[in-house]
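Enquirer: Dropping a structure here in structure tokens format, bear with me for questions.
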Amino acid sequence: MAGEGQLHVSAELAGVLERIDALGGMLDERADAADELGRLPEDTARALLATGIVRAELPLSLGGYEFAPRQLIEVAERASYHDAAAGWTMFALQMMTGTTAAYLARDAAAELFPDVPNGKYALLSGHGTRPGRAVPVAGGYRVSGQWQFASGMAHATHIHSAILVEGTGELRVLAMPKSQVTLDGNWDVLGLRATHSVDYHCDDAFVPHEYTYVATTDTPVNGGALYRLGLVNMSAIGHTGWALGVGRRLLDELKRVAAARTGSRGAAVDTSQFHAEYATAEAGLRAARAWVYDVWRDVEETLDRGEVASTEQDTLIRLVLNHTTSTAYEVGRTVHRWAGSAAIRRGPLDRFLRDLGTGTQHITSSPVVLQNCGKWLSGARPDARWSFLDLT
């Protein structure tokens, strides 16, 4: 148990990882079916939730495990290694559910998270950019809007969405029952098909004020030091772990292909060029992972002192995510180049490559974020501060 202001480091990590690993075979077997379905089968989702993967980010005060950042990265990495779409779905649900539990008013959080240890809690999905319109009324807001990319929506009970308050321009995040929105059912893509990242909309839905919070907050109502990271940094945790897990799985799959083909006539995997490129990819991924854990170790020390991340730390969190995603993408290019027909036939390689191609398009790893990191690190904008993904 952490003291006041200190970062909580959970003793539950090994158990959660072990339970995730135990599902690896099932995730592999059902991955193609999930692709066709466009979401995880319900029993697969329930099995993953039973590992504690979402509970890992719920506040200790509400019965969650409240993992430290590096623990959450490792969880996302492990789940994504077994199945990229399943890992993406779960870290999305984990992040939106965990932050909602931390930042909502106590009475609202108690209603949505009544018995976390026994699995009785809301699951949230949605999107935090392109905010909807919120008109203040007695007791809350009338909300209308259109949002995109609600990963994991098939398994959610509630919606997480950004709203802009009319008159004040204040950016808030809401939590409301899924029944209050219409799902557009338009997730027709090549990669991450099984994440059910649909668009959704609502028109003039009432949301009580206590079921919203200021989007830029780094002061949790429930839970401890972890939640001083704020929404964007919490989101970076899952995306970083995902890229590491997918990159690792792709290299391991290429290694299996090479083992099966070595010694056969004209095998490309027997060439020195293959060996050199495999080694280069391995070095890049291992170096990226080491830097991830270095950056987040430093952030954890700051949180443990009762402080919030500095602008430099905020910059490095965004930069290390961008770098790790780019590194995983380059690993994918190497794997595609040397795997031959194994990369184009139905199977793990084809699926992970497609999922990687889609996941690397996420806004958190966009070129603009990289440019903003460079502006601050180079000294071009020394007085600027981060507002979500913008340097202002």
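Letters for chains follow the order of the structure tokens (A, B, ...), residue numbers begin at 1 for each chain, and ligand numbers begin at 1 in the order shown.
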For region 286-302 of chain A, find every residue with an atom within 8 Å (counting only C-alpha atoms), except residues of its own chain fewer than 6 positions away, and show them as a ChimeraX atom specification.
Expert: /A:7,68-70,240,244,308-309,313,316-317,320-321,323-324,327
Enquirer: Take the selection from the previous step and output its residues with C-alpha atoms, as a PDB file, in the first residue's frame.
Expert:
```
ATOM      1  CA  LEU A   7       2.573   5.772  -6.371  1.00  0.00           C
ATOM      2  CA  ALA A  68       1.676   1.666 -11.815  1.00  0.00           C
ATOM      3  CA  PRO A  69       2.389   2.927 -15.373  1.00  0.00           C
ATOM      4  CA  ARG A  70       5.100   0.377 -16.214  1.00  0.00           C
ATOM      5  CA  THR A 240       2.933   2.202 -26.099  1.00  0.00           C
ATOM      6  CA  LEU A 244       5.756  -3.234 -28.146  1.00  0.00           C
ATOM      7  CA  VAL A 308       2.872  15.959 -11.634  1.00  0.00           C
ATOM      8  CA  ALA A 309       4.899  15.319 -14.776  1.00  0.00           C
ATOM      9  CA  GLN A 313       8.335  14.472 -19.190  1.00  0.00           C
ATOM     10  CA  LEU A 316       9.072  12.442 -23.720  1.00  0.00           C
ATOM     11  CA  ILE A 317       5.902  10.432 -23.030  1.00  0.00           C
ATOM     12  CA  VAL A 320       8.618   7.654 -26.826  1.00  0.00           C
ATOM     13  CA  LEU A 321       5.149   6.550 -27.948  1.00  0.00           C
ATOM     14  CA  HIS A 323       9.190   6.391 -31.587  1.00  0.00           C
ATOM     15  CA  THR A 324       7.956   2.989 -30.395  1.00  0.00           C
ATOM     16  CA  THR A 327       9.887   1.242 -34.625  1.00  0.00           C
TER      17      THR A 327
END
```
Enquirer: For Tyr200 (chain A), please output as a PyMOL selection string all residues within 9 Å (counting only C-alpha atoms; exclusion window: fewer than 2 positions along the same chain).
Expert: chain A and resi 126+145-150+181-185+198+202
Enquirer: Which residues of region 1-89 of chain A have any atom within 10 Å of an atom in region 154-173 of chain A when counting only C-alpha atoms, and what is the closest pair of atoms for each, with the distance in Å to one decimal? Order the rows by chain and rising number and write it as JSON lines.
Expert:
```
{"residue": "A:Gly38", "atom": "CA", "partner": "A:Ala154", "partner_atom": "CA", "distance": 9.4}
{"residue": "A:Arg39", "atom": "CA", "partner": "A:Ala154", "partner_atom": "CA", "distance": 6.8}
{"residue": "A:Leu40", "atom": "CA", "partner": "A:Ala154", "partner_atom": "CA", "distance": 8.1}
{"residue": "A:Pro41", "atom": "CA", "partner": "A:Ala154", "partner_atom": "CA", "distance": 9.4}
{"residue": "A:Glu42", "atom": "CA", "partner": "A:His155", "partner_atom": "CA", "distance": 7.6}
{"residue": "A:Ala45", "atom": "CA", "partner": "A:His155", "partner_atom": "CA", "distance": 7.4}
{"residue": "A:Arg46", "atom": "CA", "partner": "A:His155", "partner_atom": "CA", "distance": 8.9}
{"residue": "A:Thr89", "atom": "CA", "partner": "A:His155", "partner_atom": "CA", "distance": 9.1}
```
Enquirer: Since we have the selection now, will you write its residues out, keeping N, CA and C atoms, as a PDB file, in the first residue's frame?
Expert:
```
ATOM      1  N   GLY A  38     -16.122  -8.749 -36.618  1.00  0.00           N
ATOM      2  CA  GLY A  38     -15.916  -7.316 -36.433  1.00  0.00           C
ATOM      3  C   GLY A  38     -15.810  -6.902 -34.975  1.00  0.00           C
ATOM      4  N   ARG A  39     -15.710  -7.856 -34.078  1.00  0.00           N
ATOM      5  CA  ARG A  39     -15.523  -7.600 -32.646  1.00  0.00           C
ATOM      6  C   ARG A  39     -15.096  -8.902 -31.990  1.00  0.00           C
ATOM      7  N   LEU A  40     -14.653  -8.826 -30.756  1.00  0.00           N
ATOM      8  CA  LEU A  40     -14.323 -10.046 -30.034  1.00  0.00           C
ATOM      9  C   LEU A  40     -15.612 -10.802 -29.708  1.00  0.00           C
ATOM     10  N   PRO A  41     -15.614 -12.130 -29.849  1.00  0.00           N
ATOM     11  CA  PRO A  41     -16.765 -12.895 -29.364  1.00  0.00           C
ATOM     12  C   PRO A  41     -16.989 -12.593 -27.888  1.00  0.00           C
ATOM     13  N   GLU A  42     -18.233 -12.628 -27.465  1.00  0.00           N
ATOM     14  CA  GLU A  42     -18.551 -12.205 -26.102  1.00  0.00           C
ATOM     15  C   GLU A  42     -17.840 -13.053 -25.047  1.00  0.00           C
ATOM     16  N   ALA A  45     -14.242 -11.869 -24.770  1.00  0.00           N
ATOM     17  CA  ALA A  45     -14.160 -10.619 -24.018  1.00  0.00           C
ATOM     18  C   ALA A  45     -14.327 -10.872 -22.525  1.00  0.00           C
ATOM     19  N   ARG A  46     -15.275 -11.721 -22.167  1.00  0.00           N
ATOM     20  CA  ARG A  46     -15.493 -12.022 -20.748  1.00  0.00           C
ATOM     21  C   ARG A  46     -14.270 -12.694 -20.137  1.00  0.00           C
ATOM     22  N   THR A  89      -8.517  -3.545 -27.952  1.00  0.00           N
ATOM     23  CA  THR A  89      -9.849  -3.448 -27.346  1.00  0.00           C
ATOM     24  C   THR A  89      -9.757  -3.299 -25.835  1.00  0.00           C
TER      25      THR A  89
END
```
Enquirer: Mind listing the helix (DSSP H, G or I) residues of region 68-140 of chain A, per DSSP on the backbone, as a PyMOL selection string?
Expert: chain A and resi 69-82+84-103+106-112+116-118
Enquirer: When distances are computed from only C-alpha atoms, which of A:Arg55, A:Arg351, A:Arg228, A:Arg193 shows the smallest separation from Glu307 (chain A)?
Expert: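 Closest residue, counting only C-alpha atoms: A:Arg228.
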Enquirer: I'd like the neighbourhood of Ala267 (chain A) as a PDB file with all heavy atoms, in the first residue's frame, where a residue qualifies if any of its atoms comes within 9 Å (using only C-alpha atoms), though same-chain residues fewer than 5 positions away should be ignored.
Expert:
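Saved file around_14.pdb follows:
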```pdb
ATOM      1  N   ALA A 258      11.393 -18.518 -40.580  1.00  0.00           N
ATOM      2  CA  ALA A 258      12.790 -18.783 -40.940  1.00  0.00           C
ATOM      3  C   ALA A 258      13.202 -20.201 -40.551  1.00  0.00           C
ATOM      4  O   ALA A 258      13.884 -20.896 -41.315  1.00  0.00           O
ATOM      5  CB  ALA A 258      13.701 -17.760 -40.266  1.00  0.00           C
ATOM      6  N   ARG A 261      11.916 -22.711 -43.063  1.00  0.00           N
ATOM      7  CA  ARG A 261      12.408 -22.623 -44.442  1.00  0.00           C
ATOM      8  C   ARG A 261      13.916 -22.807 -44.577  1.00  0.00           C
ATOM      9  O   ARG A 261      14.408 -23.049 -45.676  1.00  0.00           O
ATOM     10  CB  ARG A 261      12.014 -21.268 -45.032  1.00  0.00           C
ATOM     11  CG  ARG A 261      10.518 -21.125 -45.227  1.00  0.00           C
ATOM     12  CD  ARG A 261      10.163 -19.787 -45.822  1.00  0.00           C
ATOM     13  NE  ARG A 261       8.729 -19.670 -46.046  1.00  0.00           N
ATOM     14  CZ  ARG A 261       8.113 -18.567 -46.415  1.00  0.00           C
ATOM     15  NH1 ARG A 261       8.836 -17.456 -46.599  1.00  0.00           N
ATOM     16  NH2 ARG A 261       6.812 -18.544 -46.609  1.00  0.00           N
ATOM     17  N   THR A 262      14.648 -22.642 -43.497  1.00  0.00           N
ATOM     18  CA  THR A 262      16.101 -22.711 -43.602  1.00  0.00           C
ATOM     19  C   THR A 262      16.562 -24.072 -44.130  1.00  0.00           C
ATOM     20  O   THR A 262      16.000 -25.112 -43.796  1.00  0.00           O
ATOM     21  CB  THR A 262      16.759 -22.413 -42.235  1.00  0.00           C
ATOM     22  OG1 THR A 262      18.160 -22.267 -42.407  1.00  0.00           O
ATOM     23  CG2 THR A 262      16.493 -23.527 -41.228  1.00  0.00           C
TER      24      THR A 262
END
```
Enquirer: Write out as number ranges by chain which residues come within 8 Å of Gly119 (chain A) when counting only C-alpha atoms, dropping same-chain ones fewer than 3 positions away.
Expert: A: 50, 115-116
